[in-house]
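Dropping entry.txt in here (compact mmCIF, N, CA and C atoms):
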# COMPACT_ATOMS: atom_id res chain seq x y z
N MET A 1 12.21 6.59 -8.42
CA MET A 1 12.72 6.07 -7.16
C MET A 1 12.71 4.55 -7.24
N ASP A 2 13.71 3.96 -6.68
CA ASP A 2 13.80 2.50 -6.66
C ASP A 2 12.55 1.91 -6.01
N ALA A 3 11.99 0.89 -6.61
CA ALA A 3 10.73 0.29 -6.13
C ALA A 3 10.84 -0.24 -4.71
N ILE A 4 11.98 -0.81 -4.35
CA ILE A 4 12.14 -1.35 -2.99
C ILE A 4 12.16 -0.23 -1.96
N VAL A 5 12.89 0.83 -2.28
CA VAL A 5 12.95 1.98 -1.37
C VAL A 5 11.56 2.59 -1.21
N ARG A 6 10.88 2.74 -2.33
CA ARG A 6 9.52 3.31 -2.30
C ARG A 6 8.59 2.45 -1.44
N ALA A 7 8.66 1.14 -1.59
CA ALA A 7 7.81 0.25 -0.80
C ALA A 7 8.09 0.40 0.69
N HIS A 8 9.35 0.48 1.05
CA HIS A 8 9.71 0.65 2.46
C HIS A 8 9.21 1.99 3.00
N LEU A 9 9.36 3.05 2.22
CA LEU A 9 8.90 4.36 2.65
C LEU A 9 7.38 4.39 2.80
N GLU A 10 6.67 3.78 1.87
CA GLU A 10 5.21 3.75 1.96
C GLU A 10 4.76 2.97 3.19
N ARG A 11 5.43 1.87 3.47
CA ARG A 11 5.09 1.07 4.64
C ARG A 11 5.35 1.86 5.92
N ALA A 12 6.48 2.55 5.98
CA ALA A 12 6.81 3.35 7.16
C ALA A 12 5.81 4.49 7.35
N LEU A 13 5.46 5.17 6.27
CA LEU A 13 4.49 6.26 6.37
C LEU A 13 3.12 5.76 6.82
N ALA A 14 2.70 4.62 6.32
CA ALA A 14 1.41 4.06 6.72
C ALA A 14 1.41 3.75 8.21
N HIS A 15 2.50 3.23 8.70
CA HIS A 15 2.57 2.90 10.13
C HIS A 15 2.60 4.17 10.98
N ILE A 16 3.32 5.18 10.54
CA ILE A 16 3.38 6.44 11.28
C ILE A 16 2.00 7.10 11.31
N ARG A 17 1.30 7.09 10.19
CA ARG A 17 -0.05 7.67 10.16
C ARG A 17 -0.98 6.95 11.13
N GLU A 18 -0.91 5.63 11.12
CA GLU A 18 -1.78 4.86 11.99
C GLU A 18 -1.44 5.11 13.46
N ALA A 19 -0.16 5.19 13.78
CA ALA A 19 0.25 5.47 15.15
C ALA A 19 -0.23 6.85 15.59
N SER A 20 -0.13 7.81 14.70
CA SER A 20 -0.59 9.16 15.01
C SER A 20 -2.09 9.18 15.30
N ILE A 21 -2.86 8.47 14.51
CA ILE A 21 -4.30 8.40 14.73
C ILE A 21 -4.58 7.73 16.08
N ALA A 22 -3.86 6.67 16.37
CA ALA A 22 -4.07 5.95 17.63
C ALA A 22 -3.79 6.84 18.83
N VAL A 23 -2.73 7.63 18.74
CA VAL A 23 -2.37 8.51 19.86
C VAL A 23 -3.40 9.63 20.00
N ASN A 24 -3.73 10.25 18.88
CA ASN A 24 -4.64 11.40 18.93
C ASN A 24 -6.09 11.03 19.21
N GLU A 25 -6.51 9.86 18.78
CA GLU A 25 -7.90 9.47 18.93
C GLU A 25 -8.08 8.30 19.91
N GLN A 26 -6.99 7.86 20.51
CA GLN A 26 -7.00 6.75 21.45
C GLN A 26 -7.70 5.53 20.84
N ALA A 27 -7.35 5.24 19.61
CA ALA A 27 -7.94 4.11 18.89
C ALA A 27 -7.00 2.91 18.93
N LYS A 28 -7.57 1.73 18.74
CA LYS A 28 -6.76 0.51 18.65
C LYS A 28 -6.13 0.45 17.27
N ILE A 29 -4.85 0.13 17.22
CA ILE A 29 -4.16 0.06 15.94
C ILE A 29 -3.70 -1.36 15.68
N ARG A 30 -3.35 -1.61 14.42
CA ARG A 30 -2.83 -2.92 14.02
C ARG A 30 -1.39 -3.07 14.50
N THR A 31 -0.97 -4.32 14.64
CA THR A 31 0.43 -4.58 14.93
C THR A 31 1.25 -4.31 13.67
N VAL A 32 2.55 -4.21 13.83
CA VAL A 32 3.42 -4.00 12.69
C VAL A 32 3.24 -5.14 11.69
N GLN A 33 3.14 -6.37 12.17
CA GLN A 33 2.98 -7.52 11.28
C GLN A 33 1.64 -7.46 10.54
N GLU A 34 0.56 -7.09 11.23
CA GLU A 34 -0.74 -6.97 10.58
C GLU A 34 -0.70 -5.90 9.48
N LEU A 35 -0.08 -4.76 9.78
CA LEU A 35 0.03 -3.69 8.80
C LEU A 35 0.85 -4.15 7.60
N ALA A 36 1.99 -4.79 7.86
CA ALA A 36 2.84 -5.27 6.77
C ALA A 36 2.12 -6.29 5.90
N ASP A 37 1.37 -7.19 6.53
CA ASP A 37 0.61 -8.21 5.78
C ASP A 37 -0.44 -7.56 4.88
N GLN A 38 -1.15 -6.56 5.41
CA GLN A 38 -2.18 -5.90 4.63
C GLN A 38 -1.58 -5.10 3.48
N LEU A 39 -0.46 -4.43 3.74
CA LEU A 39 0.20 -3.68 2.67
C LEU A 39 0.74 -4.61 1.60
N SER A 40 1.28 -5.75 2.01
CA SER A 40 1.77 -6.73 1.04
C SER A 40 0.64 -7.25 0.18
N GLY A 41 -0.50 -7.51 0.80
CA GLY A 41 -1.67 -7.98 0.05
C GLY A 41 -2.13 -6.93 -0.95
N SER A 42 -2.11 -5.69 -0.54
CA SER A 42 -2.48 -4.59 -1.44
C SER A 42 -1.51 -4.50 -2.61
N ASN A 43 -0.23 -4.60 -2.32
CA ASN A 43 0.79 -4.55 -3.38
C ASN A 43 0.64 -5.73 -4.35
N LYS A 44 0.33 -6.91 -3.82
CA LYS A 44 0.14 -8.08 -4.67
C LYS A 44 -1.08 -7.89 -5.57
N LEU A 45 -2.15 -7.35 -5.02
CA LEU A 45 -3.35 -7.10 -5.81
C LEU A 45 -3.04 -6.12 -6.95
N GLN A 46 -2.31 -5.05 -6.66
CA GLN A 46 -1.94 -4.09 -7.70
C GLN A 46 -1.10 -4.76 -8.78
N ALA A 47 -0.15 -5.59 -8.38
CA ALA A 47 0.71 -6.28 -9.34
C ALA A 47 -0.13 -7.24 -10.20
N ASP A 48 -1.07 -7.95 -9.58
CA ASP A 48 -1.94 -8.86 -10.32
C ASP A 48 -2.78 -8.11 -11.34
N LEU A 49 -3.30 -6.96 -10.93
CA LEU A 49 -4.12 -6.16 -11.85
C LEU A 49 -3.28 -5.65 -13.03
N ARG A 50 -2.05 -5.22 -12.75
CA ARG A 50 -1.18 -4.76 -13.83
C ARG A 50 -0.87 -5.90 -14.80
N ALA A 51 -0.66 -7.10 -14.26
CA ALA A 51 -0.33 -8.26 -15.09
C ALA A 51 -1.50 -8.65 -15.99
N GLN A 52 -2.72 -8.38 -15.57
CA GLN A 52 -3.90 -8.74 -16.34
C GLN A 52 -4.21 -7.74 -17.46
N GLN A 53 -3.59 -6.57 -17.41
CA GLN A 53 -3.87 -5.56 -18.43
C GLN A 53 -3.36 -6.01 -19.78
N THR A 54 -4.14 -5.70 -20.80
CA THR A 54 -3.74 -5.98 -22.18
C THR A 54 -3.28 -4.66 -22.81
N PRO A 55 -2.60 -4.72 -23.94
CA PRO A 55 -2.19 -3.47 -24.60
C PRO A 55 -3.36 -2.53 -24.86
N ALA A 56 -4.54 -3.06 -25.14
CA ALA A 56 -5.72 -2.23 -25.36
C ALA A 56 -6.10 -1.49 -24.09
N ASP A 57 -5.91 -2.14 -22.92
CA ASP A 57 -6.23 -1.50 -21.65
C ASP A 57 -5.34 -0.30 -21.40
N GLU A 58 -4.09 -0.35 -21.83
CA GLU A 58 -3.15 0.71 -21.54
C GLU A 58 -3.49 2.00 -22.26
N SER A 59 -4.21 1.93 -23.36
CA SER A 59 -4.57 3.14 -24.09
C SER A 59 -5.90 3.73 -23.63
N SER A 60 -6.56 3.06 -22.69
CA SER A 60 -7.84 3.56 -22.23
C SER A 60 -7.64 4.76 -21.31
N THR A 61 -8.74 5.37 -20.92
CA THR A 61 -8.67 6.57 -20.07
C THR A 61 -8.74 6.23 -18.59
N SER A 62 -8.66 4.96 -18.23
CA SER A 62 -8.71 4.60 -16.83
C SER A 62 -7.42 5.03 -16.12
N ILE A 63 -7.53 5.17 -14.82
CA ILE A 63 -6.39 5.57 -14.00
C ILE A 63 -5.57 4.33 -13.67
N HIS A 64 -4.28 4.40 -13.90
CA HIS A 64 -3.38 3.29 -13.57
C HIS A 64 -2.65 3.60 -12.29
N VAL A 65 -2.59 2.62 -11.39
CA VAL A 65 -1.91 2.80 -10.11
C VAL A 65 -0.59 2.10 -10.15

As structure tokens, please, write out the structure in this file.
Amino acid sequence: MDAIVRAHLERALAHIREASIAVNEQAKIRTVQELADQLSGSNKLQADLRAQQTPADESSTSIHV
């Protein structure tokens, strides 16, 4: 799946899940901007970790995200 489409779908699903929890549990939820900022930070962290991997890391048994 195209990375941009996937990112948009993941962001939408995260927001829907949070809204569902807020409705069902009457909890305070993040704003759309707060959610987007946190997801962007998470995506940047994943990209940074991938960039730091060496060829030796790729053959290890660790889980890659």

**Report entry** DSSP helix (DSSP H, G or I) selection over segment 6-58 of chain A, as a PyMOL selection string
**Finding:** chain A and resi 6-25+32-52+55-58

Report summary line: For Ile29 of chain A, the closest of A:His15, A:Leu9, A:Ile4, A:Gly41 counting only C-alpha atoms is A:His15

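Taking atom N of Glu34 of chain A as the reference point, atom N of Gln53 of chain A is found at 28.9 Å.
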
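Using only C-alpha atoms for every distance, the candidate list A:Ala51, A:Ile21, A:Leu39, A:Leu45 yields A:Leu39 as the residue closest to Ala7 of chain A.
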
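Rounded to one decimal, atom CA of Ile16 of chain A and atom CA of Ser40 of chain A lie 16.8 Å from each other.
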
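Comparing A:Gln38, A:Ala47, A:Val32, A:Ala3 by their smallest distance to Ala19 of chain A, the closest is A:Val32 (using only C-alpha atoms).
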
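Distances here use all atoms listed in the file; by that measure, the residue among A:Arg6, A:Leu49, A:Arg11, A:Ser20 closest to Ala36 of chain A is A:Arg11.
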
Please return the centre and edge lengths, in Å to one decimal, of a box with edges along x, y and z that contains all listed atoms of segment 14-21 of chain A, widened by 6 Å on every side, as lines of an AutoDock Vina configuration file.
center_x = -0.6
center_y = 6.0
center_z = 11.2
size_x = 20.0
size_y = 18.3
size_z = 21.8

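Computed from the coordinates, the atom CA of His8 of chain A to atom N of Leu35 of chain A distance equals 13.4 Å.
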